[in-house]
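To start, the structure itself, in structure tokens.
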Amino acid sequence: MTFTDREILTTATHPDFRAWLARIRHIGGCQHPVHLVGHTLTVDATTGRLVDAFTSAEQPHGRLTIACGNRRQSRCEPCARLHQGDTYQLVVSGLAGGKSVPDTVRTHPRVFVTFTAPSFGPVHRHTTDKPCRPPRPRRGLVCTHGRPLWCLDRHATDDPPTGSPICGDCYDYPAAVLWNAHTRELWQRLHRNLYEAIASSRSISRTAARKTVRIAYAKVTEYQRRGSVHFHAVMRFDGPTPATPPPAWATLPLLIQTIRTATRRVHLAVPGLDAILRFGAQLDVRPILPGHQGDDLTERAVASYIAKYVTKPDVAGITVDRPIRDAITISVLPLTEHARTLIRTCWSLGRRQEYKALNLRRWAHQLGYRGHIASKSRAYSTTYTALRAAREEHRRDQAEERLPDSPNTITDKQWTYTGNGHTPGQAMFADAIADDLQSAREAAHDARMGGEPDGP
């Protein structure tokens, strides 16, 4: 009998096997579940009578197993799929209504915007029908370090040279890392500039502009092959609240012009850096029009596109999915030499006093980026918390676990972490459950939706 067979047999013959299977199905086949021991006691505050007791002793293997909730597909695919679905609902409700958002938002001016990073030096590009960088004699054929500034190869997206510098000595690695580390501040400045641009165009104060029109947004971060982050965002004009339409003068052309003007005005001076940090010159702004299908930028396509990047924030060969504990391991990471240099730059800059607050070593695995992969303005739509609470409520209703409503009860929760993960045998059953659930979801989705484009 092989090791695999023994593990499967040991798992399947355990007395708690059926109850454990039901629990793993309940948490979606999570690949790295968290194990807790403890209890939740519900007591009537008036009489002191125990209304309900939920303890780990009643659970399979004497512990409560819950989903890890990791959004990274590389860490836990089932939990990442669930997070991706929540992101889709969060984004699409802000475009088409639902989840406490009125469907009148479909009539508001809306755009899909891509904010890029500036150039930190020429890099090899993904090309299929022409050379990567044809020679340009007028700009010179070699750099100051004597290296050629041209490349006649054609690179696939996942080729190691794609995104790497033409000349590593010319590439501004400190600026690239500090750009990633300061994108949160740059976005905040952009958001303030949006209202300044509206105020300037209408000859009113910024306070007056904010009282009459609001800009709601949802955005996601994506890594380019060169290791710099850029943003994909949905932006929408509202009145003072999402339920009220924007004023008649707050048109789609004004929204587009406002974004372009505000982006040009963003700048940030960083200590120890000669360059001023700005957004890249390439700014793509595309309208989202209601009721369009096919090749148009539809609401569902935009939401699917944004949700896709939430669970795939890591780029093969560019980033890793967990913090780096020491500089020694950098050289053995499965990354390109360009990515290793970015990480070493994080490690080096992290020693400098002026960058202590950036925690560059803590975020070296993300090349200095320390923000959330996805974020939104408060008024854009619902929240992850609300979506998860609604899902848990639905599960309790299905399992008939709801307690009688009573305002006079006190709940005491005491839980302790005892470990995480599966045994090899359990992991095989959990993977099978996750595959079954995903197949069922895909079949239901195909029956409901038909063929819809995945993204812009």
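The chains in the structure tokens are called A, B, ... from first to last as shown; in each chain the residues are counted from 1, and the ligands are counted from 1 in the order shown.
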So that I can check the surroundings of stretch 301-318 of chain A, please list as a PyMOL selection string every protein, DNA and RNA residue that reaches within 6 Å of it, counting only C-alpha atoms and ignoring chain neighbours fewer than 6 positions away. chain A and resi 71-73+80+84+87-88+91-92+335-336+339+453-455
Would you export the selected residues with C-alpha atoms as a compact mmCIF listing (two decimals), in the first residue's frame, please?
```txt
# COMPACT_ATOMS: atom_id res chain seq x y z
CA ARG A 71 -7.80 36.13 -1.06
CA ARG A 72 -4.67 34.89 -2.89
CA GLN A 73 -5.31 32.15 -5.40
CA ALA A 80 -9.91 33.18 -3.35
CA GLN A 84 -13.48 37.12 -6.19
CA THR A 87 -15.56 41.67 -5.35
CA TYR A 88 -17.67 41.12 -8.45
CA VAL A 91 -18.28 46.36 -8.20
CA VAL A 92 -21.32 45.43 -10.28
CA LEU A 335 11.99 35.49 -9.62
CA THR A 336 13.66 37.31 -12.48
CA ALA A 339 12.55 41.49 -9.53
CA PRO A 453 -17.05 38.87 -22.14
CA ASP A 454 -14.62 38.52 -19.24
CA GLY A 455 -13.26 42.04 -19.36
```
Surrounding residues of stretch 428-443 of chain A excluding itself and chain neighbours under 6 positions, 9 Å, only C-alpha atoms, as an mmCIF file with N, CA and C atoms, in the first residue's frame:
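Wrote selection_5.cif, looks like this:
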```
data_model
loop_
_atom_site.group_PDB
_atom_site.id
_atom_site.type_symbol
_atom_site.label_atom_id
_atom_site.label_comp_id
_atom_site.auth_asym_id
_atom_site.auth_seq_id
_atom_site.Cartn_x
_atom_site.Cartn_y
_atom_site.Cartn_z
ATOM 1 N N ILE A 8 -5.332 8.210 2.623
ATOM 2 C CA ILE A 8 -6.756 8.242 2.264
ATOM 3 C C ILE A 8 -7.544 7.291 3.153
ATOM 4 N N THR A 11 -7.903 8.630 6.734
ATOM 5 C CA THR A 11 -8.883 9.719 6.807
ATOM 6 C C THR A 11 -10.303 9.184 6.689
ATOM 7 N N LEU A 21 -16.378 15.752 6.627
ATOM 8 C CA LEU A 21 -16.685 16.055 5.227
ATOM 9 C C LEU A 21 -17.736 17.148 5.121
ATOM 10 N N ILE A 24 -16.144 20.515 5.942
ATOM 11 C CA ILE A 24 -15.279 21.016 4.874
ATOM 12 C C ILE A 24 -16.108 21.502 3.696
ATOM 13 N N ARG A 25 -17.206 20.828 3.413
ATOM 14 C CA ARG A 25 -18.101 21.309 2.354
ATOM 15 C C ARG A 25 -18.721 22.644 2.764
ATOM 16 N N GLY A 28 -16.468 25.397 1.959
ATOM 17 C CA GLY A 28 -16.100 25.517 0.550
ATOM 18 C C GLY A 28 -14.882 24.755 0.118
ATOM 19 N N GLY A 29 -14.429 23.769 0.905
ATOM 20 C CA GLY A 29 -13.243 23.017 0.535
ATOM 21 C C GLY A 29 -11.959 23.787 0.744
ATOM 22 N N CYS A 30 -11.940 24.675 1.730
ATOM 23 C CA CYS A 30 -10.758 25.490 2.025
ATOM 24 C C CYS A 30 -9.511 24.616 2.132
ATOM 25 N N GLN A 31 -8.414 25.059 1.505
ATOM 26 C CA GLN A 31 -7.194 24.263 1.459
ATOM 27 C C GLN A 31 -6.308 24.430 2.695
ATOM 28 N N GLU A 77 -7.244 28.369 -3.227
ATOM 29 C CA GLU A 77 -8.103 28.636 -4.377
ATOM 30 C C GLU A 77 -9.583 28.780 -4.003
ATOM 31 N N PRO A 78 -10.150 27.910 -3.165
ATOM 32 C CA PRO A 78 -11.576 28.065 -2.833
ATOM 33 C C PRO A 78 -11.903 29.397 -2.162
ATOM 34 N N ARG A 81 -11.691 32.203 -4.705
ATOM 35 C CA ARG A 81 -12.869 32.265 -5.577
ATOM 36 C C ARG A 81 -14.026 32.981 -4.883
ATOM 37 N N HIS A 422 -4.479 20.818 6.548
ATOM 38 C CA HIS A 422 -4.985 19.453 6.468
ATOM 39 C C HIS A 422 -3.833 18.459 6.565
#
```
When DSSP is applied to the backbone of this structure, which of stretch 46-287 of chain A are assigned alpha helix (DSSP H)? Write them out as an MDAnalysis selection string. chainID A and resid 77:96 173:181 183:202 206:212 252:265
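Residue neighbourhood of A:Leu64, excluding near-sequence residues (fewer than 2 positions): His35, Leu36, Val37, Ser56, Gln59, Pro60, Gly62 and Ile66 of chain A, at 8 Å, using only C-alpha atoms.
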Would you write out those residues with all heavy atoms, as an mmCIF file, in the first residue's frame?
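Output file result05.cif follows:
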```cif
data_model
loop_
_atom_site.group_PDB
_atom_site.id
_atom_site.type_symbol
_atom_site.label_atom_id
_atom_site.label_comp_id
_atom_site.auth_asym_id
_atom_site.auth_seq_id
_atom_site.Cartn_x
_atom_site.Cartn_y
_atom_site.Cartn_z
ATOM 1 N N HIS A 35 -8.002 25.990 12.746
ATOM 2 C CA HIS A 35 -8.629 25.158 13.772
ATOM 3 C C HIS A 35 -8.689 25.917 15.095
ATOM 4 O O HIS A 35 -7.691 26.514 15.535
ATOM 5 C CB HIS A 35 -7.843 23.857 13.960
ATOM 6 C CG HIS A 35 -7.598 23.118 12.681
ATOM 7 N ND1 HIS A 35 -8.622 22.736 11.841
ATOM 8 C CD2 HIS A 35 -6.444 22.699 12.087
ATOM 9 C CE1 HIS A 35 -8.120 22.112 10.799
ATOM 10 N NE2 HIS A 35 -6.795 22.080 10.920
ATOM 11 N N LEU A 36 -9.862 25.900 15.729
ATOM 12 C CA LEU A 36 -10.088 26.599 16.988
ATOM 13 C C LEU A 36 -10.689 25.646 18.011
ATOM 14 O O LEU A 36 -11.416 24.709 17.659
ATOM 15 C CB LEU A 36 -11.046 27.781 16.789
ATOM 16 C CG LEU A 36 -10.698 28.809 15.702
ATOM 17 C CD1 LEU A 36 -11.844 29.800 15.546
ATOM 18 C CD2 LEU A 36 -9.414 29.544 16.036
ATOM 19 N N VAL A 37 -10.398 25.904 19.285
ATOM 20 C CA VAL A 37 -11.086 25.208 20.370
ATOM 21 C C VAL A 37 -11.673 26.269 21.303
ATOM 22 O O VAL A 37 -11.101 27.342 21.483
ATOM 23 C CB VAL A 37 -10.136 24.276 21.160
ATOM 24 C CG1 VAL A 37 -9.642 23.154 20.280
ATOM 25 C CG2 VAL A 37 -8.959 25.046 21.748
ATOM 26 N N SER A 56 -16.419 23.366 20.784
ATOM 27 C CA SER A 56 -15.560 22.639 19.857
ATOM 28 C C SER A 56 -15.584 21.138 20.130
ATOM 29 O O SER A 56 -15.305 20.337 19.232
ATOM 30 C CB SER A 56 -14.124 23.168 19.960
ATOM 31 O OG SER A 56 -13.644 23.073 21.293
ATOM 32 N N GLN A 59 -17.554 19.183 17.707
ATOM 33 C CA GLN A 59 -17.151 19.224 16.313
ATOM 34 C C GLN A 59 -16.243 18.052 15.950
ATOM 35 O O GLN A 59 -15.662 17.402 16.830
ATOM 36 C CB GLN A 59 -16.415 20.547 16.033
ATOM 37 C CG GLN A 59 -17.270 21.778 16.251
ATOM 38 C CD GLN A 59 -18.461 21.817 15.317
ATOM 39 O OE1 GLN A 59 -18.321 21.759 14.108
ATOM 40 N NE2 GLN A 59 -19.657 21.890 15.894
ATOM 41 N N PRO A 60 -16.105 17.771 14.649
ATOM 42 C CA PRO A 60 -15.206 16.691 14.224
ATOM 43 C C PRO A 60 -13.780 16.915 14.734
ATOM 44 O O PRO A 60 -13.270 18.038 14.693
ATOM 45 C CB PRO A 60 -15.265 16.766 12.695
ATOM 46 C CG PRO A 60 -16.565 17.439 12.391
ATOM 47 C CD PRO A 60 -16.816 18.381 13.518
ATOM 48 N N GLY A 62 -12.819 17.240 17.596
ATOM 49 C CA GLY A 62 -12.796 18.047 18.802
ATOM 50 C C GLY A 62 -12.328 19.477 18.597
ATOM 51 O O GLY A 62 -11.816 20.109 19.536
ATOM 52 N N ILE A 66 -12.605 26.461 10.508
ATOM 53 C CA ILE A 66 -13.163 27.575 9.748
ATOM 54 C C ILE A 66 -12.262 27.860 8.548
ATOM 55 O O ILE A 66 -11.091 27.487 8.514
ATOM 56 C CB ILE A 66 -13.306 28.854 10.607
ATOM 57 C CG1 ILE A 66 -11.938 29.331 11.102
ATOM 58 C CG2 ILE A 66 -14.251 28.604 11.779
ATOM 59 C CD1 ILE A 66 -11.982 30.650 11.857
#
```
Tell me, as a PyMOL selection string, which residues lie within 10 Å of stretch 216-219 of chain A, counting only C-alpha atoms; anything in the same chain fewer than 4 positions away does not count. chain A and resi 87+90-91+94+110-114+191+231-238+241-242+303+306-307+310+372-381
Just the residues within 6 Å of stretch 102-107 of chain A, please, counting only C-alpha atoms, with nothing from its chain fewer than 5 positions along; format it as JSON, numbers by chain. {"A": [95, 96, 97, 243, 290]}
Put those residues in a file: N, CA, C and O atoms, as a compact mmCIF listing (two decimals), in the first residue's frame.
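Result saved to result.txt:
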```
# COMPACT_ATOMS: atom_id res chain seq x y z
N LEU A 95 -22.43 49.68 -10.31
CA LEU A 95 -22.67 50.05 -11.70
C LEU A 95 -24.12 49.86 -12.12
O LEU A 95 -24.65 50.66 -12.88
N ALA A 96 -24.73 48.79 -11.62
CA ALA A 96 -26.09 48.46 -12.06
C ALA A 96 -27.12 48.50 -10.95
O ALA A 96 -28.30 48.29 -11.19
N GLY A 97 -26.69 48.78 -9.71
CA GLY A 97 -27.61 48.79 -8.59
C GLY A 97 -27.72 47.44 -7.93
O GLY A 97 -27.20 46.42 -8.41
N ALA A 243 -28.21 57.85 -4.11
CA ALA A 243 -29.62 57.77 -4.50
C ALA A 243 -30.08 59.00 -5.29
O ALA A 243 -31.15 58.98 -5.89
N PRO A 290 -24.97 52.38 -20.19
CA PRO A 290 -25.96 51.36 -19.80
C PRO A 290 -26.59 50.70 -21.01
O PRO A 290 -26.80 51.32 -22.05
```
Identify, with DSSP run on backbone atoms, the residues in stretch 133-210 of chain A assigned to strand (DSSP E or B), and express the list as a count of residues only. 6
Just the number, please: distance in Å from atom CA of A:Ser100 to atom CA of A:Phe115, one decimal.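 Interatomic distance here is 28.7 Å.
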Mind giving me the straight-line distance from atom CA of A:Lys413 to atom CA of A:Thr47 in Å, one decimal? 19.4 Å
Applying 9 Å and only C-alpha atoms, which residues near A:Phe279 remain after dropping the ones on its own chain fewer than 5 positions away? List them as a ChimeraX atom specification. /A:115-118,186,230,263-264,266-267
Atom CA of A:Gly272 and atom CA of A:Val123 are how many Å apart?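 It comes out at 24.1 Å.
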